[in-house]
file final-v4.pdb (PDB, C-alpha atoms)
ATOM      1  CA  MET A 201       0.000   0.000   0.000
ATOM      2  CA  SER A 202       2.751   2.420   0.912
ATOM      3  CA  GLN A 203       4.544   1.525  -2.354
ATOM      4  CA  MET A 204       1.489   2.382  -4.362
ATOM      5  CA  ASN A 205       1.221   5.784  -2.583
ATOM      6  CA  ARG A 206       4.786   6.610  -3.562
ATOM      7  CA  THR A 207       4.077   6.114  -7.283
ATOM      8  CA  ARG A 208       0.640   7.692  -7.443
ATOM      9  CA  PRO A 209       0.443  10.736  -9.853
ATOM     10  CA  ALA A 210       0.193  14.172  -8.288
ATOM     11  CA  PRO A 211      -3.210  15.778  -8.265
ATOM     12  CA  ALA A 212      -4.117  17.918 -11.282
ATOM     13  CA  LYS A 213      -4.214  21.034  -9.111
ATOM     14  CA  ASP A 214      -0.584  20.653  -8.056
ATOM     15  CA  GLN A 215       0.509  19.950 -11.630
ATOM     16  CA  GLY A 216      -1.205  23.114 -12.855
ATOM     17  CA  ALA A 217       0.522  25.173 -10.182
ATOM     18  CA  ARG A 218       3.902  23.867 -11.240
ATOM     19  CA  ASN A 219       3.183  24.640 -14.934
ATOM     20  CA  GLN A 220       2.058  28.133 -14.001
ATOM     21  CA  GLY A 221       5.273  28.659 -12.048
ATOM     22  CA  THR A 222       7.332  27.501 -15.026
ATOM     23  CA  ARG A 223       5.503  29.940 -17.327
ATOM     24  CA  ASP A 224       6.040  32.769 -14.850
ATOM     25  CA  GLN A 225       9.746  31.986 -14.675
ATOM     26  CA  GLY A 226       9.958  31.970 -18.506
ATOM     27  CA  PHE A 227       8.171  35.301 -18.697
ATOM     28  CA  VAL A 228      10.534  36.819 -16.147
ATOM     29  CA  LEU A 229      13.501  35.421 -18.062
ATOM     30  CA  VAL A 230      12.256  36.883 -21.359
ATOM     31  CA  ASN A 231      11.722  40.260 -19.714
ATOM     32  CA  ALA A 232      15.190  40.098 -18.237
ATOM     33  CA  LEU A 233      16.697  39.303 -21.620
ATOM     34  CA  VAL A 234      14.768  42.170 -23.249
ATOM     35  CA  LEU A 235      15.970  44.523 -20.506
ATOM     36  CA  VAL A 236      19.561  43.345 -20.932
ATOM     37  CA  ALA A 237      19.316  43.837 -24.705
ATOM     38  CA  ALA A 238      17.883  47.336 -24.217
ATOM     39  CA  LEU A 239      20.634  48.254 -21.776
ATOM     40  CA  ALA A 240      23.221  46.869 -24.160
ATOM     41  CA  ALA A 241      21.748  48.967 -26.997
ATOM     42  CA  VAL A 242      21.803  52.099 -24.818
ATOM     43  CA  ALA A 243      25.362  51.367 -23.767
ATOM     44  CA  THR A 244      26.383  50.858 -27.394
ATOM     45  CA  LEU A 245      24.701  54.135 -28.372
ATOM     46  CA  LEU A 246      26.423  56.001 -25.542
ATOM     47  CA  LEU A 247      29.772  54.484 -26.433
ATOM     48  CA  SER A 248      29.216  55.343 -30.097
ATOM     49  CA  ARG A 249      28.367  58.928 -29.238
ATOM     50  CA  ALA A 250      31.325  59.104 -26.917
ATOM     51  CA  GLU A 251      33.561  57.783 -29.682
ATOM     52  CA  GLN A 252      32.102  60.283 -32.143
ATOM     53  CA  GLY A 253      32.635  63.044 -29.616
ATOM     54  CA  ARG A 254      36.196  61.914 -29.055
ATOM     55  CA  SER A 255      36.800  61.796 -32.816
ATOM     56  CA  ARG A 256      35.362  65.290 -33.240
ATOM     57  CA  LEU A 257      37.501  66.541 -30.376
ATOM     58  CA  GLU A 258      40.627  64.989 -31.873
ATOM     59  CA  ALA A 259      39.773  66.419 -35.313
ATOM     60  CA  GLY A 260      39.231  69.862 -33.786
ATOM     61  CA  LEU A 261      42.533  69.703 -31.912
ATOM     62  CA  LEU A 262      44.320  68.570 -35.080
ATOM     63  CA  ALA A 263      42.790  71.411 -37.092
ATOM     64  CA  ASP A 264      43.864  73.894 -34.414
ATOM     65  CA  GLN A 265      47.410  72.491 -34.441
ATOM     66  CA  LEU A 266      47.552  72.779 -38.222
ATOM     67  CA  SER A 267      46.341  76.384 -38.044
ATOM     68  CA  LEU A 268      48.977  77.196 -35.422
ATOM     69  CA  SER A 269      51.644  75.730 -37.692
ATOM     70  CA  LEU A 270      50.460  77.960 -40.538
ATOM     71  CA  ASP A 271      50.413  80.924 -38.134
ATOM     72  CA  GLY A 272      54.029  80.137 -37.341
ATOM     73  CA  PHE A 273      55.034  80.259 -41.001
ATOM     74  CA  ASP A 274      53.168  83.551 -41.481
ATOM     75  CA  ALA A 275      55.077  84.968 -38.505
ATOM     76  CA  LEU A 276      58.335  83.789 -40.078
ATOM     77  CA  ALA A 277      57.438  85.471 -43.392
ATOM     78  CA  LEU A 278      56.500  88.724 -41.637
ATOM     79  CA  SER A 279      59.783  88.765 -39.739
ATOM     80  CA  GLN A 280      61.828  87.971 -42.838
ATOM     81  CA  LEU A 281      60.258  90.790 -44.846
ATOM     82  CA  ALA A 282      60.648  93.193 -41.904
ATOM     83  CA  ARG A 283      64.396  92.461 -41.779
ATOM     84  CA  ASP A 284      64.759  93.307 -45.478
ATOM     85  CA  SER A 285      65.719  96.979 -45.374
ATOM     86  CA  GLY A 286      67.246  97.286 -48.849
ATOM     87  CA  SER A 287      66.060  99.875 -51.347
ATOM     88  CA  SER A 288      65.332  97.237 -54.005
ATOM     89  CA  ASP A 289      63.692  93.816 -54.017
ATOM     90  CA  HIS A 290      65.004  91.047 -56.264
ATOM     91  CA  LEU A 291      65.001  87.259 -56.598
ATOM     92  CA  ARG A 292      68.380  86.715 -54.917
ATOM     93  CA  GLU A 293      67.186  88.004 -51.553
ATOM     94  CA  ALA A 294      66.570  85.621 -48.673
ATOM     95  CA  TRP A 295      62.779  86.065 -48.673
ATOM     96  CA  ALA A 296      62.551  85.022 -52.359
ATOM     97  CA  LYS A 297      64.443  81.749 -52.003
ATOM     98  CA  PRO A 298      62.511  78.478 -51.529
ATOM     99  CA  ARG A 299      62.662  77.200 -47.972
ATOM    100  CA  PRO A 300      63.111  73.538 -47.078
ATOM    101  CA  PRO A 301      60.272  71.993 -45.033
ATOM    102  CA  LEU A 302      60.360  72.898 -41.346
ATOM    103  CA  ALA A 303      60.059  69.749 -39.226
ATOM    104  CA  LEU A 304      57.253  69.451 -36.665
ATOM    105  CA  ALA A 305      56.773  66.795 -33.990
ATOM    106  CA  ARG A 306      54.442  64.726 -36.205
ATOM    107  CA  GLY A 307      54.747  66.423 -39.573
ATOM    108  CA  ASP A 308      56.149  69.540 -41.223
ATOM    109  CA  VAL A 309      55.289  72.961 -42.616
ATOM    110  CA  VAL A 310      56.528  74.448 -45.873
ATOM    111  CA  GLY A 311      55.858  77.704 -47.685
ATOM    112  CA  GLN A 312      57.040  80.368 -50.096
ATOM    113  CA  ILE A 313      56.944  84.184 -50.261
ATOM    114  CA  GLN A 314      56.098  85.625 -53.668
ATOM    115  CA  ASP A 315      56.342  89.201 -54.856
ATOM    116  CA  LEU A 316      52.935  90.037 -56.335
ATOM    117  CA  GLN A 317      54.346  93.119 -58.051
ATOM    118  CA  GLY A 318      56.151  90.759 -60.390
ATOM    119  CA  ARG A 319      52.752  89.907 -61.948
ATOM    120  CA  PHE A 320      50.317  91.822 -64.121
ATOM    121  CA  ASN A 321      47.812  93.707 -61.964
ATOM    122  CA  VAL A 322      44.396  93.229 -63.603
ATOM    123  CA  ASN A 323      43.059  96.314 -61.800
ATOM    124  CA  TRP A 324      45.268  98.405 -64.122
ATOM    125  CA  LEU A 325      42.777  97.567 -66.871
ATOM    126  CA  SER A 326      40.160  99.822 -65.282
ATOM    127  CA  GLN A 327      42.386 102.893 -65.794
ATOM    128  CA  ALA A 328      41.392 104.487 -69.083
ATOM    129  CA  ASP A 329      44.427 106.812 -68.931
ATOM    130  CA  SER A 330      46.861 103.854 -68.968
ATOM    131  CA  PRO A 331      46.908 102.608 -72.572
ATOM    132  CA  LEU A 332      50.291 100.969 -71.985
ATOM    133  CA  ALA A 333      48.761  98.480 -69.526
ATOM    134  CA  GLN A 334      45.896  97.774 -71.926
ATOM    135  CA  GLU A 335      48.318  97.049 -74.773
ATOM    136  CA  ALA A 336      50.618  94.990 -72.558
ATOM    137  CA  PHE A 337      47.771  92.753 -71.427
ATOM    138  CA  VAL A 338      46.687  92.046 -75.003
ATOM    139  CA  LEU A 339      50.306  91.126 -75.821
ATOM    140  CA  LEU A 340      50.433  88.878 -72.745
ATOM    141  CA  LEU A 341      47.297  87.072 -73.885
ATOM    142  CA  ALA A 342      48.828  86.607 -77.334
ATOM    143  CA  ARG A 343      51.967  85.082 -75.803
ATOM    144  CA  LEU A 344      49.761  82.597 -73.968
ATOM    145  CA  GLY A 345      47.746  81.781 -77.086
ATOM    146  CA  LEU A 346      44.568  83.305 -75.633
ATOM    147  CA  PRO A 347      42.024  85.463 -77.523
ATOM    148  CA  PRO A 348      42.237  89.265 -77.072
ATOM    149  CA  ARG A 349      38.523  89.506 -76.180
ATOM    150  CA  ILE A 350      39.473  88.254 -72.700
ATOM    151  CA  ALA A 351      41.078  91.644 -72.103
ATOM    152  CA  ASP A 352      37.776  93.414 -72.808
ATOM    153  CA  ASP A 353      35.816  91.010 -70.573
ATOM    154  CA  ILE A 354      38.189  91.532 -67.643
ATOM    155  CA  ARG A 355      38.379  95.305 -68.216
ATOM    156  CA  ARG A 356      34.580  95.582 -67.961
ATOM    157  CA  PHE A 357      34.565  93.298 -64.929
ATOM    158  CA  VAL A 358      37.035  95.473 -62.970
ATOM    159  CA  THR A 359      35.641  98.860 -64.067
ATOM    160  CA  PRO A 360      32.988 100.374 -61.749
ATOM    161  CA  GLY A 361      29.681 100.911 -63.499
ATOM    162  CA  ALA A 362      30.774  99.218 -66.741
ATOM    163  CA  GLU A 363      28.237  97.238 -68.732
ATOM    164  CA  LEU A 364      29.230  93.618 -68.205
ATOM    165  CA  ALA A 365      29.165  91.145 -71.054
ATOM    166  CA  ASP A 366      27.127  87.971 -70.583
ATOM    167  CA  ARG A 367      25.194  89.479 -67.654
ATOM    168  CA  GLN A 368      22.413  86.961 -68.290
ATOM    169  CA  ARG A 369      24.822  84.110 -67.609
ATOM    170  CA  TRP A 370      25.554  85.633 -64.193
ATOM    171  CA  LEU A 371      21.849  85.917 -63.403
ATOM    172  CA  GLN A 372      21.273  82.254 -64.318
ATOM    173  CA  ARG A 373      23.643  81.037 -61.628
ATOM    174  CA  ASP A 374      22.384  79.441 -58.423
ATOM    175  CA  PRO A 375      22.200  81.708 -56.494
ATOM    176  CA  PRO A 376      21.896  84.464 -59.121
ATOM    177  CA  LEU A 377      24.745  86.981 -59.224
ATOM    178  CA  ASP A 378      24.702  90.518 -60.548
ATOM    179  CA  PRO A 379      28.247  91.977 -60.465
ATOM    180  CA  VAL A 380      28.414  95.759 -60.444
ATOM    181  CA  GLY A 381      32.035  95.946 -61.594
ATOM    182  CA  GLY A 382      34.969  97.349 -59.670
ATOM    183  CA  PRO A 383      38.503  96.554 -58.470
ATOM    184  CA  LEU A 384      39.145  92.970 -57.410
ATOM    185  CA  LEU A 385      40.465  91.874 -54.021
ATOM    186  CA  SER A 386      41.907  88.684 -55.479
ATOM    187  CA  ALA A 387      42.538  87.446 -59.000
ATOM    188  CA  ASP A 388      40.720  84.265 -57.938
ATOM    189  CA  GLN A 389      37.496  86.227 -58.500
ATOM    190  CA  LEU A 390      38.074  85.782 -62.228
ATOM    191  CA  ALA A 391      37.650  82.008 -61.986
ATOM    192  CA  ASP A 392      33.885  82.277 -62.605
ATOM    193  CA  LEU A 393      34.030  85.009 -65.227
ATOM    194  CA  PRO A 394      31.799  84.030 -68.173
ATOM    195  CA  GLY A 395      33.881  83.743 -71.322
ATOM    196  CA  LEU A 396      37.061  82.806 -69.443
ATOM    197  CA  SER A 397      37.355  79.031 -69.787
ATOM    198  CA  PRO A 398      38.964  76.934 -67.025
ATOM    199  CA  ARG A 399      41.852  76.194 -69.404
ATOM    200  CA  ALA A 400      42.419  79.889 -70.157
ATOM    201  CA  TYR A 401      42.132  80.791 -66.476
ATOM    202  CA  ALA A 402      44.682  78.109 -65.518
ATOM    203  CA  ARG A 403      47.195  79.499 -68.030
ATOM    204  CA  LEU A 404      46.633  83.109 -67.014
ATOM    205  CA  ARG A 405      46.367  82.788 -63.228
ATOM    206  CA  PRO A 406      50.107  82.404 -62.355
ATOM    207  CA  LEU A 407      50.899  85.647 -64.209
ATOM    208  CA  ILE A 408      48.234  87.971 -62.792
ATOM    209  CA  THR A 409      47.306  89.515 -59.478
ATOM    210  CA  ALA A 410      44.785  92.008 -58.083
ATOM    211  CA  LEU A 411      46.317  94.972 -56.255
ATOM    212  CA  PRO A 412      45.511  98.668 -55.853
ATOM    213  CA  GLY A 413      45.696 100.472 -59.177
ATOM    214  CA  ASP A 414      48.669 102.633 -58.140
ATOM    215  CA  SER A 415      50.983  99.646 -57.678
ATOM    216  CA  ARG A 416      53.890  99.324 -60.115
ATOM    217  CA  LEU A 417      55.541  96.414 -61.873
ATOM    218  CA  ASN A 418      58.798  95.394 -60.164
ATOM    219  CA  VAL A 419      61.218  94.760 -63.046
ATOM    220  CA  ASN A 420      63.512  92.828 -60.689
ATOM    221  CA  THR A 421      60.906  90.155 -60.013
ATOM    222  CA  ALA A 422      58.581  90.417 -63.030
ATOM    223  CA  ARG A 423      57.750  87.169 -64.794
ATOM    224  CA  PRO A 424      59.530  87.059 -68.182
ATOM    225  CA  GLU A 425      56.213  86.909 -70.077
ATOM    226  CA  VAL A 426      54.905  89.971 -68.233
ATOM    227  CA  LEU A 427      58.099  91.983 -68.675
ATOM    228  CA  ALA A 428      58.228  91.132 -72.378
ATOM    229  CA  SER A 429      54.634  92.391 -72.758
ATOM    230  CA  PHE A 430      55.625  95.799 -71.385
ATOM    231  CA  LEU A 431      58.748  95.944 -73.585
ATOM    232  CA  PRO A 432      57.516  94.704 -76.976
ATOM    233  CA  ASP A 433      60.293  96.531 -78.866
ATOM    234  CA  LEU A 434      62.999  94.339 -77.342
ATOM    235  CA  SER A 435      63.927  91.207 -79.225
ATOM    236  CA  SER A 436      63.858  87.877 -77.417
ATOM    237  CA  ALA A 437      67.682  87.788 -77.399
ATOM    238  CA  VAL A 438      67.933  91.244 -75.813
ATOM    239  CA  LEU A 439      65.267  90.350 -73.256
ATOM    240  CA  ALA A 440      67.088  87.112 -72.353
ATOM    241  CA  ARG A 441      70.346  89.013 -71.725
ATOM    242  CA  LEU A 442      68.487  91.619 -69.675
ATOM    243  CA  LEU A 443      66.896  88.889 -67.540
ATOM    244  CA  ARG A 444      70.271  87.211 -66.964
ATOM    245  CA  GLN A 445      71.726  90.538 -65.901
ATOM    246  CA  ARG A 446      68.978  91.279 -63.407
ATOM    247  CA  ASP A 447      68.969  87.725 -62.020
ATOM    248  CA  ARG A 448      72.683  87.988 -61.182
ATOM    249  CA  GLN A 449      72.002  91.104 -59.142
ATOM    250  CA  GLY A 450      68.822  93.120 -59.126
ATOM    251  CA  PHE A 451      68.768  96.610 -60.602
ATOM    252  CA  ALA A 452      69.257  99.331 -57.992
ATOM    253  CA  SER A 453      66.999 101.860 -59.747
ATOM    254  CA  VAL A 454      64.539 102.215 -62.603
ATOM    255  CA  GLU A 455      67.113 104.375 -64.435
ATOM    256  CA  ASP A 456      69.671 101.544 -64.198
ATOM    257  CA  PHE A 457      67.149  99.145 -65.712
ATOM    258  CA  LEU A 458      66.233 101.451 -68.596
ATOM    259  CA  THR A 459      69.893 102.184 -69.285
ATOM    260  CA  ALA A 460      70.696  98.468 -69.367
ATOM    261  CA  ALA A 461      67.759  97.859 -71.723
ATOM    262  CA  ARG A 462      68.982 100.565 -74.102
ATOM    263  CA  LEU A 463      72.556  99.245 -74.012
ATOM    264  CA  GLN A 464      71.417  95.695 -74.644
ATOM    265  CA  GLN A 465      69.272  96.864 -77.535
ATOM    266  CA  ALA A 466      72.161  98.873 -79.016
ATOM    267  CA  GLU A 467      74.425  95.814 -78.818
ATOM    268  CA  ASP A 468      71.785  93.771 -80.602
ATOM    269  CA  THR A 469      71.547  96.179 -83.573
ATOM    270  CA  PRO A 470      74.910  98.002 -83.808
ATOM    271  CA  GLN A 471      74.516  98.736 -87.524
ATOM    272  CA  GLU A 472      71.405 100.875 -87.001
ATOM    273  CA  PRO A 473      70.853 103.785 -84.620
ATOM    274  CA  PRO A 474      68.164 103.003 -82.066
ATOM    275  CA  ALA A 475      64.757 104.450 -82.804
ATOM    276  CA  SER A 476      64.026 107.415 -80.559
ATOM    277  CA  SER A 477      60.946 109.066 -79.238
ATOM    278  CA  PRO A 478      60.468 112.862 -79.544
ATOM    279  CA  GLU A 479      62.172 113.232 -76.174
ATOM    280  CA  GLY A 480      65.200 111.325 -77.423
ATOM    281  CA  ASP A 481      64.561 108.140 -75.492
ATOM    282  CA  SER A 482      64.770 104.654 -76.991
ATOM    283  CA  PRO A 483      61.721 102.340 -77.126
ATOM    284  CA  PRO A 484      62.300 100.894 -73.620
ATOM    285  CA  ASP A 485      61.315 104.313 -72.296
ATOM    286  CA  ARG A 486      57.737 103.529 -73.267
ATOM    287  CA  VAL A 487      57.707 102.439 -69.635
ATOM    288  CA  GLY A 488      58.968 104.738 -66.924
ATOM    289  CA  PRO A 489      58.916 105.386 -63.178
ATOM    290  CA  GLU A 490      55.140 105.853 -63.281
ATOM    291  CA  GLN A 491      54.683 102.218 -64.420
ATOM    292  CA  ILE A 492      57.690 100.297 -63.088
ATOM    293  CA  SER A 493      59.757 100.024 -59.943
ATOM    294  CA  VAL A 494      62.661  98.046 -58.462
ATOM    295  CA  SER A 495      61.034  97.537 -55.056
ATOM    296  CA  SER A 496      57.775  95.999 -53.826
ATOM    297  CA  GLN A 497      55.126  96.490 -51.172
ATOM    298  CA  TRP A 498      52.751  93.594 -51.871
ATOM    299  CA  PHE A 499      53.603  89.967 -51.140
ATOM    300  CA  ARG A 500      51.778  86.649 -51.102
ATOM    301  CA  VAL A 501      52.580  83.809 -48.702
ATOM    302  CA  ASP A 502      51.600  80.250 -49.680
ATOM    303  CA  SER A 503      52.029  77.688 -46.894
ATOM    304  CA  GLN A 504      51.105  74.072 -46.193
ATOM    305  CA  ALA A 505      51.187  72.200 -42.884
ATOM    306  CA  ARG A 506      51.062  68.423 -42.509
ATOM    307  CA  LEU A 507      50.347  66.621 -39.246
ATOM    308  CA  ASP A 508      49.519  62.937 -38.711
ATOM    309  CA  GLY A 509      48.743  62.521 -42.392
ATOM    310  CA  ARG A 510      46.336  65.493 -42.453
ATOM    311  CA  MET A 511      47.086  68.677 -44.387
ATOM    312  CA  ALA A 512      46.001  72.312 -44.292
ATOM    313  CA  SER A 513      46.986  75.158 -46.618
ATOM    314  CA  ARG A 514      46.806  78.936 -46.499
ATOM    315  CA  VAL A 515      47.211  81.956 -48.747
ATOM    316  CA  SER A 516      48.027  85.286 -47.049
ATOM    317  CA  LEU A 517      48.312  88.778 -48.524
ATOM    318  CA  LEU A 518      50.901  91.074 -46.927
ATOM    319  CA  HIS A 519      51.427  94.804 -47.438
ATOM    320  CA  ARG A 520      54.784  96.323 -46.485
ATOM    321  CA  ARG A 521      54.472 100.103 -46.546
ATOM    322  CA  SER A 522      58.226 100.718 -46.579
ATOM    323  CA  ALA A 523      61.466  98.746 -46.511
ATOM    324  CA  GLY A 524      62.481  97.553 -43.057
ATOM    325  CA  ARG A 525      58.945  97.867 -41.701
ATOM    326  CA  ARG A 526      56.874  94.914 -40.531
ATOM    327  CA  PRO A 527      54.173  94.181 -43.149
ATOM    328  CA  ASP A 528      50.464  94.322 -42.409
ATOM    329  CA  LEU A 529      48.321  91.202 -42.852
ATOM    330  CA  ILE A 530      45.544  92.217 -45.249
ATOM    331  CA  TRP A 531      43.679  88.904 -45.594
ATOM    332  CA  GLN A 532      44.221  85.173 -45.421
ATOM    333  CA  VAL A 533      42.317  82.142 -46.655
ATOM    334  CA  THR A 534      42.846  78.813 -44.873
ATOM    335  CA  SER A 535      41.751  75.395 -46.125
ATOM    336  CA  ARG A 536      41.857  72.630 -43.529
ATOM    337  CA  PRO A 537      40.211  69.266 -42.702
TER     338      PRO A 537
END
call {"tool": "encode", "arguments": {"input": "final-v4.pdb", "output": "C-alpha cells"}}
result
Amino acid sequence: MSQMNRTRPAPAKDQGARNQGTRDQGFVLVNALVLVAALAAVATLLLSRAEQGRSRLEAGLLADQLSLSLDGFDALALSQLARDSGSSDHLREAWAKPRPPLALARGDVVGQIQDLQGRFNVNWLSQADSPLAQEAFVLLLARLGLPPRIADDIRRFVTPGAELADRQRWLQRDPPLDPVGGPLLSADQLADLPGLSPRAYARLRPLITALPGDSRLNVNTARPEVLASFLPDLSSAVLARLLRQRDRQGFASVEDFLTAARLQQAEDTPQEPPASSPEGDSPPDRVGPEQISVSSQWFRVDSQARLDGRMASRVSLLHRRSAGRRPDLIWQVTSRP
C-alpha cells in the first residue's frame, strides 16, 4: 500500500501550479533578456556617441594644431620681410628663395613668399588713362595663345559701373549673381568670369594679381612673359640678356634698368641707330617710373602644414608700406580638414 502511494500521480491542481510557475519563470527570463538587450543597446549608443565626440575633439585639436603651424610660417614670413631693409627687391634676396620643409613633432610645414608686383595687376585695366597696360595685357594674352577679347571682358569686370558682357549668364547662376564691376580683391574672382574658360584661367592665373591700381611692376621680379609684354620693342635675345643681368644682381633703380635695356638693344643692332621718341629716349622708355619700380610692397605667402597625415593650406596677402617695416596682414584664406 505504501509503495502504491509513492508512485501515485500528483493531483491535477498541483501539476497546474507547477506549470504556471514555469511559465512565470519563462516570462521573467524573457523580460530580463529584453531589458539586458535594451541596456546593451543604450550602452552601445552612448559608447558610439562618446567615440564620435572623441573623434570630433581629436579632429578639432588637429585642425587647431595645423592652423597654429600655418600661423608660425606667417610669422616667419612677416619677420623675414621686416628684416629686409634694402632699397630694391630682387630674386636673390633671402625672402625670395625656396625654404626647405620645417620639421614638426608629427609632420612639417613648408611655404614660399612671392612678390605680387612681379605679376600683371588686372586692376590696371580699369584705368582708361593707362593705354600701356591695356596694350601689354593684349600682348600677354597673345603670348599665352589666348584670344584678345578676354582683355575686354576683364576690363569691364574690374571697371565700376561698366556694362558687363554675358550678364544673363551671371543671373542664371544658383544663387543668381549681378556683379556691379569694380577693383578685385583677389585674381581668384576671375575664376567664374563668363567667357574665361577653365583652361584659359589656368594658363593666365600664375601671371596675374589684383592689387591697388597705383601699384607698379617690379622689373627685378617680373615674370619674363609679363616683362616682355611691357617691352615689346625688345627682341627675345635682348630680353634674355636683360633677364640674366637682373637675375645675377637686381637693378638698384629704374634708371639703371632702362639704361641696361637701351645698351642691350644697341648691342643687338649696332649697324642701325636706335629708334628714338620725340624726347630722345629709346623704345624701352615707353615704360617709366610711373609704371615700373625696383622695389615691392605687396607679397603673397603660400604655406602648407602636414600633421599625422592630415594637411592644411593657407594663402596670405601682406602689405609692407616701406622697406624695413613689418608688413600688415591684409587677408588670409585657410583650407583645412
call {"tool": "residues_around", "arguments": {"input": "final-v4.pdb", "residues": "segment 404-409 of chain A", "least_positions_apart": "3", "cutoff": "6 Å", "atoms": "only C-alpha atoms", "output": "list of chain:residue names"}}
result
A:Arg319, A:Phe320, A:Asn321, A:Ala387, A:Tyr401
call {"tool": "atom_distance", "arguments": {"input": "final-v4.pdb", "atom1": "atom CA of Leu517 of chain A", "atom2": "atom CA of Gln445 of chain A"}}
result
29.2 Å
call {"tool": "atom_distance", "arguments": {"input": "final-v4.pdb", "atom1": "atom CA of Pro489 of chain A", "atom2": "atom CA of Ile354 of chain A"}}
result
25.3 Å
call {"tool": "closest_residue", "arguments": {"input": "final-v4.pdb", "among": "A:Glu258, A:Ser453, A:Ser522, A:Asp508", "to": "Ala305 of chain A", "atoms": "all atoms listed in the file"}}
result
A:Asp508
call {"tool": "resolve_selection", "arguments": {"input": "final-v4.pdb", "expression": "the PyMOL selection byres ((chain A and resi 323-340) around 9)", "output": "ChimeraX atom specification"}}
result
/A:320-322,341-352,354-360,382-384,404,409-415,425-432,486-487,491
call {"tool": "residues_around", "arguments": {"input": "final-v4.pdb", "residues": "Asp315 of chain A", "least_positions_apart": "2", "cutoff": "7 Å", "atoms": "only C-alpha atoms", "output": "number ranges by chain"}}
result
A: 313, 317-318, 421, 498-500
call {"tool": "resolve_selection", "arguments": {"input": "final-v4.pdb", "expression": "the PyMOL selection byres ((chain A and resi 291-293) around 9)", "output": "VMD selection string"}}
result
chain A and resid 284 289 to 290 294 to 297 420 to 421 446 to 450
call {"tool": "atom_distance", "arguments": {"input": "final-v4.pdb", "atom1": "atom CA of Val515 of chain A", "atom2": "atom CA of Asn418 of chain A"}}
result
21.1 Å
call {"tool": "resolve_selection", "arguments": {"input": "final-v4.pdb", "expression": "the PyMOL selection byres ((chain A and resi 260-277) around 8)", "output": "PyMOL selection string"}}
result
chain A and resi 256-259+278-281+295+309-311+313+501+503-507+511-514+516+536-537
call {"tool": "axis_aligned_box", "arguments": {"input": "final-v4.pdb", "around": "segment 321-326 of chain A", "padding_each_side": "8 Å", "output": "JSON"}}
result
{"center_x": 44.0, "center_y": 96.5, "center_z": -64.3, "size_x": 23.7, "size_y": 22.6, "size_z": 21.1}
call {"tool": "residues_around", "arguments": {"input": "final-v4.pdb", "residues": "Leu529 of chain A", "least_positions_apart": "2", "cutoff": "8 Å", "atoms": "only C-alpha atoms", "output": "PyMOL selection string"}}
result
chain A and resi 516-519+527+531-532
call {"tool": "closest_residue", "arguments": {"input": "final-v4.pdb", "among": "A:Thr244, A:Val454, A:Arg299, A:Gln464", "to": "Ser436 of chain A", "atoms": "all atoms listed in the file"}}
result
A:Gln464
